[in-house]
file my_file21.csv (CSV, C-alpha atoms and all ligand atoms)
chain,number,residue,atom,x,y,z
Y,1,MET,CA,118.2,124.0,102.1
Y,2,LYS,CA,116.1,123.5,105.2
Y,3,LEU,CA,112.4,123.3,104.4
Y,4,LEU,CA,109.3,123.1,106.7
Y,5,VAL,CA,106.3,121.5,105.2
Y,6,THR,CA,103.1,121.8,107.2
Y,7,GLY,CA,100.3,119.3,106.7
Y,8,GLY,CA,102.7,116.8,105.0
Y,9,ALA,CA,100.6,113.8,106.1
Y,10,GLY,CA,97.6,115.0,104.2
Y,11,PHE,CA,96.8,114.5,100.5
Y,12,ILE,CA,98.8,117.2,98.7
Y,13,GLY,CA,101.4,117.6,101.5
Y,14,ALA,CA,102.3,113.9,101.2
Y,15,ASN,CA,102.5,114.1,97.4
Y,16,PHE,CA,104.7,117.2,97.8
Y,17,LEU,CA,107.1,115.5,100.2
Y,18,HIS,CA,107.5,112.6,97.7
Y,19,TYR,CA,108.0,115.1,94.9
Y,20,TRP,CA,110.5,117.1,96.9
Y,21,PHE,CA,112.7,114.1,97.9
Y,22,ALA,CA,112.6,112.8,94.3
Y,23,ASN,CA,113.8,116.2,93.0
Y,24,HIS,CA,115.9,117.6,95.9
Y,25,PRO,CA,117.1,114.5,97.7
Y,26,SER,CA,119.7,116.2,99.9
Y,27,ASP,CA,117.5,118.9,101.4
Y,28,GLU,CA,116.7,118.8,105.1
Y,29,VAL,CA,112.9,118.5,105.4
Y,30,TYR,CA,110.7,118.9,108.4
Y,31,CYS,CA,107.0,117.9,108.4
Y,32,LEU,CA,104.7,119.5,111.0
Y,33,ASP,CA,101.3,117.8,111.1
Y,34,ALA,CA,98.7,117.5,113.8
Y,35,MET,CA,97.6,114.1,112.4
Y,36,THR,CA,93.9,115.0,112.2
Y,37,TYR,CA,91.4,112.5,110.7
Y,38,ALA,CA,92.5,113.7,107.2
Y,39,ALA,CA,96.2,112.6,107.8
Y,40,ASN,CA,97.5,109.2,107.0
Y,41,ARG,CA,100.9,108.2,108.3
Y,42,ARG,CA,101.1,105.5,105.6
Y,43,SER,CA,101.4,108.2,102.9
Y,44,ILE,CA,104.8,109.2,104.2
Y,45,GLU,CA,105.9,106.0,105.8
Y,46,PRO,CA,108.6,105.4,103.1
Y,47,LEU,CA,110.2,108.7,104.1
Y,48,MET,CA,110.5,108.0,107.8
Y,49,ASP,CA,113.9,106.3,107.6
Y,50,LYS,CA,115.6,109.1,105.7
Y,51,PRO,CA,118.2,110.8,107.9
Y,52,ASN,CA,117.2,114.2,106.4
Y,53,PHE,CA,113.5,113.8,107.0
Y,54,HIS,CA,112.1,114.9,110.4
Y,55,PHE,CA,108.4,114.3,111.4
Y,56,VAL,CA,107.0,116.5,114.1
Y,57,LYS,CA,103.4,115.8,115.4
Y,58,GLY,CA,102.0,119.2,116.4
Y,59,ASP,CA,99.4,121.9,115.8
Y,60,VAL,CA,100.2,124.9,113.7
Y,61,ALA,CA,98.1,127.0,116.0
Y,62,ASP,CA,100.2,126.1,119.0
Y,63,THR,CA,102.7,128.9,119.5
Y,64,THR,CA,104.9,126.9,121.9
Y,65,VAL,CA,105.4,124.0,119.4
Y,66,VAL,CA,105.8,126.3,116.4
Y,67,TYR,CA,108.2,128.8,117.9
Y,68,ARG,CA,110.4,126.1,119.4
Y,69,LEU,CA,110.6,124.3,116.0
Y,70,PHE,CA,111.5,127.5,114.1
Y,71,GLU,CA,114.1,128.5,116.7
Y,72,GLU,CA,115.7,125.1,116.8
Y,73,ALA,CA,115.6,124.3,113.1
Y,74,GLY,CA,116.1,127.7,111.4
Y,75,PHE,CA,114.1,127.2,108.2
Y,76,ASP,CA,115.0,128.6,104.8
Y,77,TRP,CA,111.6,127.9,103.3
Y,78,VAL,CA,108.2,127.2,104.7
Y,79,VAL,CA,105.5,125.6,102.6
Y,80,HIS,CA,102.2,125.8,104.4
Y,81,PHE,CA,99.7,123.2,103.4
Y,82,ALA,CA,98.1,122.4,106.8
Y,83,ALA,CA,94.4,123.2,106.8
Y,84,GLU,CA,91.0,121.9,107.5
Y,85,SER,CA,90.0,121.4,103.9
Y,86,HIS,CA,86.5,119.8,103.5
Y,87,VAL,CA,83.8,122.3,102.5
Y,88,ASP,CA,80.9,120.2,103.9
Y,89,ARG,CA,82.6,120.0,107.3
Y,90,SER,CA,83.1,123.8,107.3
Y,91,ILE,CA,79.3,124.3,106.6
Y,92,GLU,CA,78.5,121.9,109.6
Y,93,ASP,CA,81.0,123.7,112.0
Y,94,PRO,CA,83.4,126.4,110.9
Y,95,SER,CA,85.3,126.7,114.2
Y,96,ALA,CA,88.1,124.3,113.4
Y,97,PHE,CA,88.6,126.0,110.0
Y,98,LEU,CA,89.0,129.4,111.7
Y,99,ARG,CA,91.4,128.0,114.3
Y,100,THR,CA,93.7,126.0,111.9
Y,101,ASN,CA,93.4,128.0,108.7
Y,102,VAL,CA,93.4,131.5,110.1
Y,103,ILE,CA,94.9,131.4,113.6
Y,104,GLY,CA,97.4,128.6,112.5
Y,105,THR,CA,98.5,130.7,109.6
Y,106,SER,CA,99.0,133.7,111.8
Y,107,VAL,CA,101.1,131.7,114.3
Y,108,LEU,CA,103.4,130.5,111.4
Y,109,LEU,CA,103.7,134.0,110.0
Y,110,GLU,CA,104.7,135.4,113.4
Y,111,ALA,CA,107.2,132.6,113.8
Y,112,ALA,CA,108.6,133.3,110.3
Y,113,LYS,CA,108.9,137.0,111.2
Y,114,ARG,CA,110.6,136.4,114.6
Y,115,PHE,CA,113.0,133.7,113.5
Y,116,GLY,CA,113.5,134.7,109.9
Y,117,VAL,CA,112.9,132.7,106.7
Y,118,ARG,CA,113.9,133.2,103.1
Y,119,ARG,CA,110.4,132.4,101.9
Y,120,PHE,CA,107.0,131.7,103.4
Y,121,HIS,CA,104.8,130.0,100.8
Y,122,GLN,CA,101.1,129.9,101.4
Y,123,VAL,CA,99.2,127.1,99.7
Y,124,SER,CA,95.8,128.6,98.9
Y,125,THR,CA,92.9,127.7,96.7
Y,126,ASP,CA,91.0,129.1,93.7
Y,127,GLU,CA,87.9,128.8,95.9
Y,128,VAL,CA,88.8,132.2,97.5
Y,129,TYR,CA,87.5,133.9,94.3
Y,130,GLY,CA,84.1,132.4,94.5
Y,131,ASP,CA,82.5,131.0,91.4
Y,132,TRP,CA,81.3,131.8,87.8
Y,133,PRO,CA,77.8,131.2,86.5
Y,134,PHE,CA,77.5,127.8,84.7
Y,135,GLU,CA,77.3,129.5,81.3
Y,136,SER,CA,80.4,131.7,81.8
Y,137,THR,CA,83.7,131.1,80.0
Y,138,ASP,CA,85.6,133.6,82.0
Y,139,ALA,CA,88.6,132.9,84.3
Y,140,PHE,CA,89.8,134.6,87.5
Y,141,VAL,CA,93.2,136.4,87.5
Y,142,GLU,CA,95.3,137.0,90.6
Y,143,THR,CA,93.8,140.5,91.0
Y,144,SER,CA,90.2,139.4,90.9
Y,145,PRO,CA,88.2,140.2,94.0
Y,146,LEU,CA,88.0,137.6,96.8
Y,147,LYS,CA,84.4,136.4,97.1
Y,148,PRO,CA,84.5,133.1,99.0
Y,149,SER,CA,81.2,131.3,99.1
Y,150,ASN,CA,81.6,129.1,102.2
Y,151,PRO,CA,83.4,129.1,105.6
Y,152,TYR,CA,86.3,127.0,104.2
Y,153,ALA,CA,86.9,129.4,101.3
Y,154,ALA,CA,86.5,132.4,103.6
Y,155,SER,CA,89.0,131.0,106.1
Y,156,LYS,CA,91.5,130.5,103.2
Y,157,ALA,CA,90.9,134.0,101.9
Y,158,SER,CA,91.4,135.4,105.4
Y,159,ALA,CA,94.7,133.5,105.6
Y,160,ASP,CA,95.8,134.9,102.2
Y,161,LEU,CA,95.1,138.5,103.4
Y,162,LEU,CA,97.2,137.9,106.6
Y,163,VAL,CA,100.1,136.5,104.5
Y,164,LEU,CA,100.0,139.6,102.2
Y,165,SER,CA,99.8,141.9,105.2
Y,166,TYR,CA,103.0,140.4,106.7
Y,167,HIS,CA,104.7,141.2,103.4
Y,168,ARG,CA,103.5,144.8,103.3
Y,169,THR,CA,103.9,145.6,107.0
Y,170,TYR,CA,107.0,143.6,108.0
Y,171,GLY,CA,108.6,142.8,104.6
Y,172,LEU,CA,108.2,139.1,105.2
Y,173,PRO,CA,109.2,137.3,101.9
Y,174,VAL,CA,106.0,135.6,101.0
Y,175,THR,CA,104.3,134.0,98.0
Y,176,ILE,CA,100.9,132.6,97.6
Y,177,SER,CA,99.5,130.0,95.1
Y,178,ARG,CA,95.8,129.5,94.4
Y,179,CYS,CA,95.3,126.1,92.9
Y,180,SER,CA,92.3,124.4,91.3
Y,181,ASN,CA,90.9,121.0,92.4
Y,182,ASN,CA,93.6,118.3,92.6
Y,183,TYR,CA,93.4,114.6,92.0
Y,184,GLY,CA,95.9,111.8,92.6
Y,185,PRO,CA,97.0,109.3,95.2
Y,186,TYR,CA,96.7,109.6,99.0
Y,187,GLN,CA,93.5,111.6,99.2
Y,188,TYR,CA,91.2,111.0,102.2
Y,189,PRO,CA,88.0,109.3,100.9
Y,190,GLU,CA,85.6,112.0,101.9
Y,191,LYS,CA,86.5,114.0,98.8
Y,192,LEU,CA,84.7,113.5,95.5
Y,193,ILE,CA,87.0,111.3,93.6
Y,194,PRO,CA,88.1,108.7,96.2
Y,195,ALA,CA,84.7,108.7,97.7
Y,196,MET,CA,83.0,107.9,94.4
Y,197,ILE,CA,85.6,105.2,93.6
Y,198,TYR,CA,85.0,103.7,97.0
Y,199,HIS,CA,81.2,103.6,96.6
Y,200,ALA,CA,81.5,102.2,93.1
Y,201,ILE,CA,83.8,99.4,94.1
Y,202,ASN,CA,81.4,98.4,96.8
Y,203,ASN,CA,78.4,98.6,94.4
Y,204,GLU,CA,76.9,101.4,96.6
Y,205,THR,CA,74.9,104.4,95.2
Y,206,LEU,CA,77.0,107.4,94.3
Y,207,PRO,CA,75.4,110.5,95.8
Y,208,VAL,CA,75.8,113.5,93.5
Y,209,TYR,CA,74.9,117.0,94.7
Y,210,GLY,CA,72.1,118.6,92.7
Y,211,SER,CA,72.3,118.3,89.0
Y,212,GLY,CA,76.0,117.4,89.1
Y,213,GLN,CA,76.6,120.2,86.5
Y,214,ASN,CA,79.1,122.0,88.8
Y,215,VAL,CA,82.3,122.5,86.9
Y,216,ARG,CA,85.8,122.1,88.4
Y,217,ASP,CA,89.2,122.6,86.8
Y,218,TRP,CA,91.1,119.4,87.6
Y,219,LEU,CA,94.9,119.3,88.1
Y,220,TYR,CA,97.0,116.2,88.7
Y,221,VAL,CA,98.6,116.7,92.2
Y,222,GLU,CA,102.2,116.3,91.0
Y,223,ASP,CA,101.7,119.3,88.7
Y,224,HIS,CA,100.6,121.3,91.7
Y,225,CYS,CA,103.8,120.2,93.6
Y,226,ARG,CA,106.0,121.2,90.6
Y,227,ALA,CA,104.2,124.6,90.5
Y,228,ILE,CA,105.1,125.3,94.1
Y,229,ASP,CA,108.7,124.3,93.4
Y,230,VAL,CA,108.8,126.8,90.5
Y,231,ILE,CA,107.3,129.6,92.6
Y,232,LEU,CA,109.8,128.9,95.4
Y,233,GLN,CA,112.7,129.1,92.9
Y,234,ARG,CA,111.5,131.8,90.6
Y,235,GLY,CA,108.4,133.5,92.1
Y,236,VAL,CA,108.5,137.1,93.1
Y,237,GLU,CA,108.1,138.0,96.8
Y,238,GLY,CA,104.7,139.4,97.6
Y,239,GLU,CA,103.1,137.9,94.6
Y,240,VAL,CA,100.1,135.6,94.1
Y,241,TYR,CA,100.1,132.8,91.4
Y,242,ASN,CA,97.1,130.9,90.1
Y,243,ILE,CA,97.6,127.2,89.3
Y,244,GLY,CA,95.3,125.5,86.9
Y,245,THR,CA,94.9,123.9,83.5
Y,246,ARG,CA,91.4,124.8,82.3
Y,247,GLU,CA,90.7,121.0,82.1
Y,248,GLU,CA,87.1,121.8,83.0
Y,249,LEU,CA,84.7,118.9,83.8
Y,250,THR,CA,81.4,118.7,85.5
Y,251,ASN,CA,81.2,116.5,88.6
Y,252,LEU,CA,78.9,114.3,86.7
Y,253,GLU,CA,81.5,113.7,83.9
Y,254,VAL,CA,84.1,112.8,86.5
Y,255,ILE,CA,81.7,110.3,88.2
Y,256,GLU,CA,80.7,108.8,84.9
Y,257,ALA,CA,84.4,108.3,84.0
Y,258,ILE,CA,84.9,106.4,87.3
Y,259,LEU,CA,81.9,104.1,86.7
Y,260,THR,CA,83.0,103.5,83.1
Y,261,GLN,CA,86.6,102.6,84.2
Y,262,LEU,CA,85.3,100.3,86.9
Y,263,GLY,CA,82.8,98.7,84.6
Y,264,LYS,CA,79.9,99.7,86.9
Y,265,PRO,CA,76.4,100.8,85.7
Y,266,GLN,CA,75.6,104.5,85.5
Y,267,SER,CA,72.4,103.7,87.4
Y,268,LEU,CA,74.5,103.7,90.6
Y,269,ILE,CA,74.4,107.6,90.4
Y,270,LYS,CA,71.8,109.1,92.8
Y,271,HIS,CA,71.1,112.9,92.8
Y,272,VAL,CA,70.8,114.3,96.3
Y,273,THR,CA,69.9,117.7,97.8
Y,274,ASP,CA,72.5,120.2,96.7
Y,275,ARG,CA,75.1,121.6,99.1
Y,276,PRO,CA,74.1,125.1,100.4
Y,277,GLY,CA,76.0,127.8,98.5
Y,278,HIS,CA,77.5,125.2,96.1
Y,279,ASP,CA,80.0,126.9,93.8
Y,280,ARG,CA,78.9,126.5,90.2
Y,281,ARG,CA,82.0,126.9,88.0
Y,282,TYR,CA,85.7,127.4,88.9
Y,283,ALA,CA,88.2,128.7,86.4
Y,284,THR,CA,91.4,130.5,86.8
Y,285,ASN,CA,93.9,132.0,84.5
Y,286,ALA,CA,97.5,130.6,85.2
Y,287,ASP,CA,99.4,132.8,82.6
Y,288,LYS,CA,101.4,134.5,85.4
Y,289,LEU,CA,102.7,131.1,86.6
Y,290,LYS,CA,103.3,129.9,83.0
Y,291,ALA,CA,105.5,133.0,82.5
Y,292,LEU,CA,107.8,131.6,85.2
Y,293,GLY,CA,108.2,128.4,83.1
Y,294,TRP,CA,105.6,126.1,84.6
Y,295,GLU,CA,103.4,124.0,82.4
Y,296,ALA,CA,101.2,121.0,83.5
Y,297,GLN,CA,102.9,117.8,82.5
Y,298,HIS,CA,99.8,115.5,83.0
Y,299,ARG,CA,96.6,115.5,81.1
Y,300,PHE,CA,93.3,114.3,82.6
Y,301,GLU,CA,92.8,111.6,80.0
Y,302,GLU,CA,96.1,109.9,81.1
Y,303,ALA,CA,96.5,110.8,84.8
Y,304,PHE,CA,92.9,110.3,85.8
Y,305,PRO,CA,92.6,106.6,84.9
Y,306,ALA,CA,96.0,106.1,86.6
Y,307,THR,CA,94.6,107.7,89.7
Y,308,VAL,CA,91.5,105.5,89.7
Y,309,GLN,CA,93.8,102.5,89.3
Y,310,TRP,CA,95.9,103.6,92.3
Y,311,TYR,CA,92.9,103.5,94.5
Y,312,ILE,CA,91.9,100.1,93.2
Y,313,ASP,CA,95.4,98.8,93.9
Y,314,HIS,CA,95.6,100.3,97.4
Y,315,PRO,CA,92.5,99.1,99.3
Y,316,ASP,CA,94.6,98.8,102.4
Y,317,TYR,CA,95.4,102.5,102.3
Y,318,TRP,CA,91.9,103.8,102.4
Y,319,GLU,CA,89.6,101.2,103.7
Y,401,LIG,N1,92.6,119.3,97.7
Y,401,LIG,C1,92.6,120.2,96.8
Y,401,LIG,O1,92.1,120.0,95.7
Y,401,LIG,C2,93.1,121.6,97.0
Y,401,LIG,C3,93.1,122.5,96.0
Y,401,LIG,C4,93.7,123.8,96.2
Y,401,LIG,C5,94.3,124.1,97.4
Y,401,LIG,N2,94.3,123.1,98.4
Y,401,LIG,C6,94.9,123.5,99.7
Y,401,LIG,O2,96.0,122.6,99.8
Y,401,LIG,C7,96.3,122.4,101.2
Y,401,LIG,C8,96.3,120.9,101.4
Y,401,LIG,O3,95.0,120.3,101.1
Y,401,LIG,P1,94.7,118.8,101.2
Y,401,LIG,O4,93.7,118.4,100.2
Y,401,LIG,O5,96.0,118.0,101.1
Y,401,LIG,O6,94.2,118.7,102.7
Y,401,LIG,P2,94.0,117.4,103.6
Y,401,LIG,O7,92.8,117.7,104.4
Y,401,LIG,O8,94.1,116.2,102.8
Y,401,LIG,O9,95.3,117.5,104.6
Y,401,LIG,C9,95.4,118.5,105.5
Y,401,LIG,C10,96.6,118.1,106.4
Y,401,LIG,O10,96.8,119.2,107.4
Y,401,LIG,C11,96.9,118.6,108.7
Y,401,LIG,N3,96.3,119.6,109.7
Y,401,LIG,C12,95.1,119.9,109.8
Y,401,LIG,N4,95.0,120.8,110.9
Y,401,LIG,C13,96.2,120.9,111.3
Y,401,LIG,C14,96.8,121.7,112.4
Y,401,LIG,N5,96.0,122.5,113.2
Y,401,LIG,N6,98.1,121.7,112.6
Y,401,LIG,C15,98.9,120.9,111.8
Y,401,LIG,N7,98.4,120.1,110.8
Y,401,LIG,C16,97.1,120.2,110.6
Y,401,LIG,C17,96.0,117.3,108.6
Y,401,LIG,O11,96.4,116.4,109.7
Y,401,LIG,C18,96.3,116.8,107.2
Y,401,LIG,O12,97.5,116.0,107.2
Y,401,LIG,C19,95.2,123.1,102.0
Y,401,LIG,O13,95.7,124.3,102.5
Y,401,LIG,C20,94.1,123.4,100.9
Y,401,LIG,O14,93.4,124.5,101.2
Y,401,LIG,C21,93.7,121.9,98.2
call {"tool": "encode", "arguments": {"input": "my_file21.csv", "output": "structure tokens", "more": "lines below"}}
Ligand SMILES: NC(=O)c1ccc[n+]([C@@H]2O[C@H](COP(=O)([O-])OP(=O)(O)OC[C@H]3O[C@@H](n4cnc5c(N)ncnc54)[C@H](O)[C@@H]3O)[C@@H](O)[C@H]2O)c1
result
Amino acid sequence: MKLLVTGGAGFIGANFLHYWFANHPSDEVYCLDAMTYAANRRSIEPLMDKPNFHFVKGDVADTTVVYRLFEEAGFDWVVHFAAESHVDRSIEDPSAFLRTNVIGTSVLLEAAKRFGVRRFHQVSTDEVYGDWPFESTDAFVETSPLKPSNPYAASKASADLLVLSYHRTYGLPVTISRCSNNYGPYQYPEKLIPAMIYHAINNETLPVYGSGQNVRDWLYVEDHCRAIDVILQRGVEGEVYNIGTREELTNLEVIEAILTQLGKPQSLIKHVTDRPGHDRRYATNADKLKALGWEAQHRFEEAFPATVQWYIDHPDYWE
């Protein structure tokens, strides 16, 4: 099996590459990554010596690079992670999000159509559905309307629609997964969990948007990787699958857990002006994926402390 993983030097992409080699060691795997600020070569350094791993530095929105790679390699499967992924940055300046997340996806789709693939898997997010009110107990299903709240989520929703259009119009064999918030090793320390660990270790204040009551459904990153594997093996072409566990916690609860584990005072928490358009509560229903045989293997109470410990043990990685 020949596999292209885009964005493999980022947080989830790197975890996916490690997962893939642990479970499919003889596959031929290519990683295409532009090595933006969010990438870290160290995350995939242990794979670099493998004869069946090929790292290509390049931009998914660059047709010359992408077409050449597809033509030369001849991929069976494409798993498309590469994206601009930080909501705050998208609010500051959406242009890179439109280029990478929308144009980049369209370039990859066109290459997949021209050169042929057995599956194009789009890694999307539950943020495309928008949010629920704080008091709600509902969960989005795959047919829920797309109502993105910010330019990041809107760019991901746009990419999803392009992917589905390539299935309908050209018969491209596609699948899409929409996952909830991930935690685990190798995450760039601008995101909530590594950022808060970093501040706490350094005895700095921990800035919390608004009341901190925003609810996220937290999934251990390896369970996300396994879900994509299940969708590649058993998912139905043209279908969308939600990935989530309904392990719902407020941002404040996550931050308090970090401070408790590090033995730091809760007084380090400082509430700051809320992010504009800040989504209140995310929740998705993953029954469709569970019907394919997927079940999360990690619970927050065990995998979260292990994640915090990973950042404590790897200061060289993220400092
Ligand atoms: N982090 C989460 O909790 C989460 C949840 C659901 C879905 N997702 C989705 O998963 C994917 C990966 O997210 P992440 O958190 O690992 O992101 P990340 O920001 O950590 O990594 C993104 C990677 O993509 C690369 N990249 C960016 N622009 C590129 C371009 N133009 N060409 C090639 N490579 C480029 C970066 O260099 C980086 O290695 C994204 O598509 C994101 O929308 C993330």
call {"tool": "residues_near_ligand", "arguments": {"input": "my_file21.csv", "ligand": "ligand LIG 401 (chain Y)", "cutoff": "7 Å", "atoms": "only C-alpha atoms and all ligand atoms", "output": "PyMOL selection string"}}
result
chain Y and resi 6-13+32-40+58-61+80-86+100+104+123-126+156+178-183+187-188
call {"tool": "closest_residue", "arguments": {"input": "my_file21.csv", "among": "Y:Ile243, Y:Ile258, Y:Ala286, Y:Leu108", "to": "Tyr198 (chain Y)", "atoms": "only C-alpha atoms"}}
result
Y:Ile258
call {"tool": "residues_around", "arguments": {"input": "my_file21.csv", "residues": "region 89-99 of chain Y", "least_positions_apart": "5", "cutoff": "6 Å", "atoms": "only C-alpha atoms", "output": "ChimeraX atom specification"}}
result
/Y:84,151-152,155
call {"tool": "closest_residue", "arguments": {"input": "my_file21.csv", "among": "Y:Glu295, Y:Asp49, Y:Asp274, Y:Asp279", "to": "Ile228 (chain Y)", "atoms": "all atoms listed in the file"}}
result
Y:Glu295
call {"tool": "closest_residue", "arguments": {"input": "my_file21.csv", "among": "Y:Trp310, Y:Asp229, Y:Glu190, Y:Gln261", "to": "Phe21 (chain Y)", "atoms": "all atoms listed in the file"}}
result
Y:Asp229
call {"tool": "residues_near_point", "arguments": {"input": "my_file21.csv", "point": "(94.0, 109.1, 86.3)", "cutoff": "12 Å", "atoms": "all atoms listed in the file", "output": "short mmCIF file (atom, residue, chain, number, x, y, z; two decimals) with C-alpha atoms, keeping the file's coordinate frame"}}
result
data_model
loop_
_atom_site.label_atom_id
_atom_site.label_comp_id
_atom_site.auth_asym_id
_atom_site.auth_seq_id
_atom_site.Cartn_x
_atom_site.Cartn_y
_atom_site.Cartn_z
CA ASN Y 182 93.60 118.30 92.60
CA TYR Y 183 93.40 114.60 92.00
CA GLY Y 184 95.90 111.80 92.60
CA PRO Y 185 97.00 109.30 95.20
CA ILE Y 193 87.00 111.30 93.60
CA PRO Y 194 88.10 108.70 96.20
CA ILE Y 197 85.60 105.20 93.60
CA TRP Y 218 91.10 119.40 87.60
CA LEU Y 219 94.90 119.30 88.10
CA TYR Y 220 97.00 116.20 88.70
CA VAL Y 221 98.60 116.70 92.20
CA GLU Y 222 102.20 116.30 91.00
CA VAL Y 254 84.10 112.80 86.50
CA ALA Y 257 84.40 108.30 84.00
CA ILE Y 258 84.90 106.40 87.30
CA GLN Y 261 86.60 102.60 84.20
CA HIS Y 298 99.80 115.50 83.00
CA ARG Y 299 96.60 115.50 81.10
CA PHE Y 300 93.30 114.30 82.60
CA GLU Y 301 92.80 111.60 80.00
CA GLU Y 302 96.10 109.90 81.10
CA ALA Y 303 96.50 110.80 84.80
CA PHE Y 304 92.90 110.30 85.80
CA PRO Y 305 92.60 106.60 84.90
CA ALA Y 306 96.00 106.10 86.60
CA THR Y 307 94.60 107.70 89.70
CA VAL Y 308 91.50 105.50 89.70
CA GLN Y 309 93.80 102.50 89.30
CA TRP Y 310 95.90 103.60 92.30
CA TYR Y 311 92.90 103.50 94.50
CA ILE Y 312 91.90 100.10 93.20
#
call {"tool": "residues_around", "arguments": {"input": "my_file21.csv", "residues": "Ser211 (chain Y)", "least_positions_apart": "4", "cutoff": "12 Å", "atoms": "only C-alpha atoms", "output": "PyMOL selection string"}}
result
chain Y and resi 134+207+215+250-253+269-275+278+280
call {"tool": "atom_distance", "arguments": {"input": "my_file21.csv", "atom1": "CA of Pro51 (chain Y)", "atom2": "CA of Thr105 (chain Y)"}}
result
28.1 Å
call {"tool": "atom_distance", "arguments": {"input": "my_file21.csv", "atom1": "CA of Ala283 (chain Y)", "atom2": "CA of Ala139 (chain Y)"}}
result
4.7 Å
call {"tool": "atom_distance", "arguments": {"input": "my_file21.csv", "atom1": "CA of Glu319 (chain Y)", "atom2": "CA of Asp88 (chain Y)"}}
result
20.9 Å
call {"tool": "closest_residue", "arguments": {"input": "my_file21.csv", "among": "Y:Asn101, Y:Thr63, Y:Ser267, Y:Asn23", "to": "Leu206 (chain Y)", "atoms": "only C-alpha atoms"}}
result
Y:Ser267
call {"tool": "residues_near_point", "arguments": {"input": "my_file21.csv", "point": "(108.4, 121.1, 104.4)", "cutoff": "7 Å", "atoms": "all atoms listed in the file", "output": "list in words"}}
result
Leu3, Leu4, Val5, Thr6, Val29, Tyr30, Cys31, Val78 and Val79 of chain Y
call {"tool": "residues_around", "arguments": {"input": "my_file21.csv", "residues": "Lys288 (chain Y)", "least_positions_apart": "4", "cutoff": "8 Å", "atoms": "only C-alpha atoms", "output": "MDAnalysis selection string"}}
result
chainID Y and resid 241:242 292
